[in-house]
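Structure record follows, encoded as structure tokens.
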Amino acid sequence: MSRAMVPSQQKLAEKLTILNDRGRGMLTRIYNIKKMSIYSPNKKKMLTKTDSKPAFLSDKSLDSVFKYLHKKFPNIDNHAGALQVINNIKQDVVKSLSLYYFTFVDIMDFKDHVVDLLTTIDACQVHMDVTLNYDLTVNYLNLISTYVSLMILMSRVEDRRVVLSLYNVAYEYLNASSDPSFPRLGQMVIDYDIPLRKLSEEFVPHSRVVVPALLSLHKIYPKRNLPADQMRATGMLSLLAEPLKIMNVPNTDMVQCEYLSLDSMEKWIIFSMMLCHTYLQEAQLWDLWKTALQSGYIVQLCRDEVLHIHSYINTFFESLKGHNLHKRITEVKDLQHQALQSSPAIHRERRKFLRSALKELALIFTDQPGLLGPKGLYVFQALAVARDEIHWLLRHFDNPPSKKHTVKLSQEDFVDRQLPELLFNMEELKSLLRKYNQVVQRYFVQYLAGYDAVLLNQLIQEITNDSNLAHCPEDESVILSSLYNTIAGLSVKQVEANEVFDFRGVRLDWFRLQAYTSVSRAGLVLRDHQDLGKHLNMIVFHTKLVDYLDELINETGDLSIYCFYHQIFEHQFKQCMEFPAQHRFSIVFPIICGHFMNATHELCPEERHSIGTTSVQYAHWFLKEMSDEVNQVITAICEEQCMLNYKLLPKHSAASILQSSNKHKKNKDKKKQVGPEEEKPGTESVRKNRENFTRMDKLHMALTELCYAINHCNVIQVWEHGFVPREFFIQHLETRFNKALVGMMMYNPDTSEIAKPSELLSSVKAIMSVLQGLENYVQIDIARVFNSVLPQQTQATDSFNGEKTITANYTNWYLEVLLRRVTVNIGQIVYSPNHKAFVTVATDNNSKENLYLAAEEYADLTELRALAELIGPYGMRYLGERLMGHVASQVDELKKLVIQNKEVLFNMRTSFDKPEVMRDLFRRLGRPVKQQGNTKNQVSDVDSVLMRMTIIGILLSFRSLAQDALLDVLEDRIPFLMASVQDLQHFVPNMKDTKYSHMKQQVVNEMASAAGLSCDIDPLLISALRSQKNEDGERKASTSSDTEVANESDYELACLLMVFVAVSIPTLAKKDVSVFKASLEGNLSNCHCLAKAVNQIAGALFTIHGPGDVSDRLQEFLALASSSLLRLGQSQEQEKETFKNRESVYILLDLIVQESPYLTMDLLESCFPYALLRNAYHTVYKASAVDI
């Protein structure tokens, strides 16, 4: 005995909801399986992802097994000899293929449930109308679409027979019986080899429900599928078309249909009419079918899996024998031709219209966000239409039609250079909805309670009072009362209190009510109360705007499809970066990466990681490319500014000065042609017409657009990561700025070329001014960039890549190039205290190499000031440390010379008042020494000592010059702090304990030296010599444990070194290059630098090795040196000619005293007559005047 079906017991709403979600999950799983196809009988090889492929499937010895399984499927004889090899790997097979196998089992279960539900719906005689019972109809049509897509996609998995059979054979070997699901599974695979044939048979009884559902689309689909001209004419998506109604809610009785996906509707129409093709004779259905097939030639199955729909339909129709479908096949071919011919242009124009429409909406809602309440529907309409157009473009661009067709497609219809603008406007509308979420909530909470609840109550009363309705069924009555009570109790205070709303129950109740009232013989028939159905659809939309806003945004504007069209995604981004007008919209590409996770499903968790990783990698790449592009533009602007700044350098004024001076001279030859006048700096800023864009104008325009993109959003959420575009930009800017600083030095180690510090400083300041202007374009702290990069240039290596910095390169150049040339090419480069610079002296012997290097252009006070400003106190200290390292190595060599002549020097120290003895001892000291590998040039130890002391003097003179430059810079930059440092240096607090007092003096001296102040003894020199002493002590520790003896030896060597220098000074008078030049205030051989060398070395050595008797030892040095020089005056006439530069050497003695903080002029006069000094100065200055 049959019983009547009770609609509430069938759970139609719940089943549709669950099966639709499960269908999407099964589509995702079968899609992943297809993409990881293992074996193809057609290609006869293993395919694709080797990392996820079991090892046994790559075994070539199993190829015959695979062929046998494919051929015999599904009736496999497990006892066949060819399958015995599987017995050895049965556990591995079952473990590896279980996911694959049970995916097909789940598809079979899903199919069973779908067939059962569709049969139940047929039995209940449910009436479908998308404008009335929206949720029921949409879910029903979605289920059919998903079911058909799943079956088609399953039939396209080429290795399904082999793997299912392989698993079943291994399972039987393992469990002594085949898997219970395999027989039905095998039959399903066979049945759906040609899926539409089986599906069309299944859907014969379902057509009574499917056809009315499709007919209801006739009210919506034609209005949505309009060409761009009609959209403009009707004022679609325009808030300004009717300005008087701008505050009104859109007047529509099918609100949810307004943002229904056009792609979905076309899939419903095409798939349903393929299965129910006998109904194509009806005019409305034929109209829907024709329009859908004209709209495009590609239909999406899942993600990037698509159908060339016209060819697929014709293949299906041709397979149906006895139905006489030749007319339909011809019609489909005509529709295909029309789609190929017209649809690309139609969609191109539609995208063009959407760009302007969405931009207008974004501007209006940005200015008046309150309109998001009454006009929020426009946003979802715009997002849905734009998303459909983007989906259409992607699948048609990626799947061109076959070459059989004669229609030639224009690539301009598919390569949309302005697509980023459309994508950007979509994201802008979404961000406005999220930003003003509370505005929308407040509006619709009041709307639900103040209008929707009142009208719903009236409609319920009308139903209660309806004479045609005997009584309202209990279930329906309870649901309606619950709906009214829920929305009537809403209040704005709930929004202000940030209360979390949840109307999922309301929406599910309305879904249930649709199912109860849409069946035949329902107590309450929804068709008879259409106002109630349409109003409840409106209420559901309003509740979604309160608690379901993010999901509604994803439903209408999700662009996760780009995850599966990554090549097109990259191409569109590159195209955007090549088109300056689209630069400002480039930020949309990393934002879209945040959509990728929307494509995942909980039934396929294994793909979450790969999709998430892909999204993060693409977001990182996009932001990196954008930052690089901005930095390239900035670099180009900096280059232009540096060139303009270069023209303003003082050296370029010489030509202008010369030209102006020539104008005042009378030119006798009037016919003489005058060359073109050079372009003066500043002429580039003169323009006669604003329309003529210069290169700088274009660069600044590009910078404005790119910075707009970088500055558009604070954080981009992608998967579980947050990307901050401005931080990306700053990091790349710091790296680029750091490289630019070193690059502008133009340092070439091979040719020893390098930029002048003053020119580099000028370029750096020009770049910094450009970078400071960035704050007008993007919200960044440029001072942070300077503070991060510039201090690193004061160190030897940077922290970015560990590369050499400005400090390292300039230090290396000054020490290894400039000062080496000063010391090697004697008489060509002179340190001039008068000029405060190293000066190249023009002589006949100068080589081309040295003429190329003008020392005063690199080593004067101006250039060293620029260097100090570039590398700062830290960099100058590094320069000083490296320099003192060279000094320490020279002192070490001097000690070796002293040790070789220790006995002679000891005798000379005690016999300085015995002229004859001193003369004999000096002869022994001045004997030429043969050098290894050089038999021609023999140099005495006296010459070696003087040469090395001169080198030390040159290095110390450069150090003094650098310190003066640093002091000038710091006094200008930090005058108050420098005043405090100077006070500390002059007034060191006294302490009773001399040990701590000495330590305090040392600390203060180090601080003063770092600030550029001069000290009696350079702390860096003491440090260098002390470290050398420690190294020598460690070497000697293995041979001698007596440290006191070692200290005495060092002290004695220091004393003898001063003796050696003192007795060697008179030999300078023999050399021509020792002549004193009054204009330079120095000797051509730089021997005047001995004054600084003697005082500094003596002070440092006796401070380290001795009891602090620096003054006594220098007095001893003065006595020895003066007595040796006085003997020059007592020499015979022949010897006087030999010592022709005697007066220049006398002046050296005066310089030593002037340089020393320990010697006075009184001591000098007691040892050396002042008359000799006065005559010496008179002689050398007179000789210098004659040379001039």
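Residues are referred to by chain and number: the chain letter is A, B, ... according to the order shown in the structure tokens, the number counts from 1 in that chain, and ligands are numbered separately from 1 in the order shown.
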
### Query
What lies within 10 Å of Ala783 in chain A using only C-alpha atoms, ignoring chain neighbours under 5 positions off, as a PyMOL selection string?
chain A and resi 768+771-772+775+788-789

Could you write out that same residue set with C-alpha atoms as a PDB file, in the first residue's frame?
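Okay, this is what ended up in part_31.pdb:
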```pdb
ATOM      1  CA  MET A 768      69.068  62.016  -1.517  1.00  0.00           C
ATOM      2  CA  LEU A 771      64.583  60.114  -2.531  1.00  0.00           C
ATOM      3  CA  GLN A 772      63.278  62.736  -0.111  1.00  0.00           C
ATOM      4  CA  GLU A 775      57.572  61.031   0.580  1.00  0.00           C
ATOM      5  CA  SER A 788      69.870  52.135   7.291  1.00  0.00           C
ATOM      6  CA  VAL A 789      72.111  52.565   4.248  1.00  0.00           C
TER       7      VAL A 789
END
```

### Message
If DSSP is run on the backbone, what residues of range 127-322 of chain A are helix (DSSP H, G or I)? A reply as a PyMOL selection string would be ideal.
### Response
chain A and resi 134-155+160-175+182-191+195-202+207-219+221-224+228-233+243-245+255-259+262-275+277-281+283-294+309-319

If you count only C-alpha atoms, which residues fall within 8 Å of range 452-455 of chain A, apart from same-chain ones fewer than 6 positions away, as a short mmCIF file (atom, residue, chain, number, x, y, z; two decimals) with N, CA, C and O atoms, in the first residue's frame?
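Contents of part_21.cif, freshly written:
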```
data_model
loop_
_atom_site.label_atom_id
_atom_site.label_comp_id
_atom_site.auth_asym_id
_atom_site.auth_seq_id
_atom_site.Cartn_x
_atom_site.Cartn_y
_atom_site.Cartn_z
N TYR A 484 9.58 36.09 11.35
CA TYR A 484 9.13 37.43 11.74
C TYR A 484 9.74 37.84 13.07
O TYR A 484 10.26 38.96 13.22
N ILE A 487 13.61 38.87 12.82
CA ILE A 487 13.99 40.16 12.23
C ILE A 487 13.31 41.33 12.92
O ILE A 487 13.81 42.45 12.90
N ALA A 488 12.18 41.09 13.56
CA ALA A 488 11.48 42.19 14.25
C ALA A 488 12.22 42.62 15.50
O ALA A 488 12.08 43.75 15.96
N HIS A 535 9.15 38.64 -1.21
CA HIS A 535 9.58 39.45 -0.07
C HIS A 535 10.56 38.68 0.81
O HIS A 535 11.52 39.26 1.34
N ILE A 539 14.27 39.60 2.04
CA ILE A 539 14.73 39.54 3.44
C ILE A 539 16.03 38.74 3.55
O ILE A 539 16.97 39.13 4.26
#
```

Could you give me, as a Markdown table, every range 83-159 of chain A residue with an atom at most 6 Å from range 196-220 of chain A, plus its closest atom pair and distance in Å to one decimal, counting only C-alpha atoms, rows ordered by chain then number?
```
| residue | atom | partner | partner_atom | distance |
| --- | --- | --- | --- | --- |
| A:Met128 | CA | A:Ala213 | CA | 4.8 |
| A:Asp129 | CA | A:Ser216 | CA | 5.2 |
| A:Val130 | CA | A:Ser216 | CA | 5.8 |
```

### Task
Mind checking which residues fall within 9 Å of range 547-554 of chain A, counting only C-alpha atoms, ignoring those fewer than 5 positions away in the same chain, and posting them as a PyMOL selection string?
chain A and resi 380+383+430+433-434+437+441+500-504+559+595+598

### Task
May I ask which of the residues A:Gln438, A:Met701, A:Leu956, A:Ala1093 is the closest one to Gly885 in chain A, counting only C-alpha atoms?
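Ranking A:Gln438, A:Met701, A:Leu956, A:Ala1093 by distance to Gly885 in chain A, first place goes to A:Leu956.
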
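Picture a line from CA of Leu1173 in chain A to CA of Leu1148 in chain A; it runs 9.7 Å.
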
### Query
What lies within 9 Å of Asp628 in chain A using only C-alpha atoms, ignoring chain neighbours under 5 positions off, as a ChimeraX atom specification?
/A:623,633,729,732-733,736

### Option closest in space to Ser1079 in chain A, from A:Thr805, A:Ala1183, A:Asp475, A:Asn1095 [counting only C-alpha atoms]
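Checking each of A:Thr805, A:Ala1183, A:Asp475, A:Asn1095 against Ser1079 in chain A, counting only C-alpha atoms, the winner is A:Ala1183.
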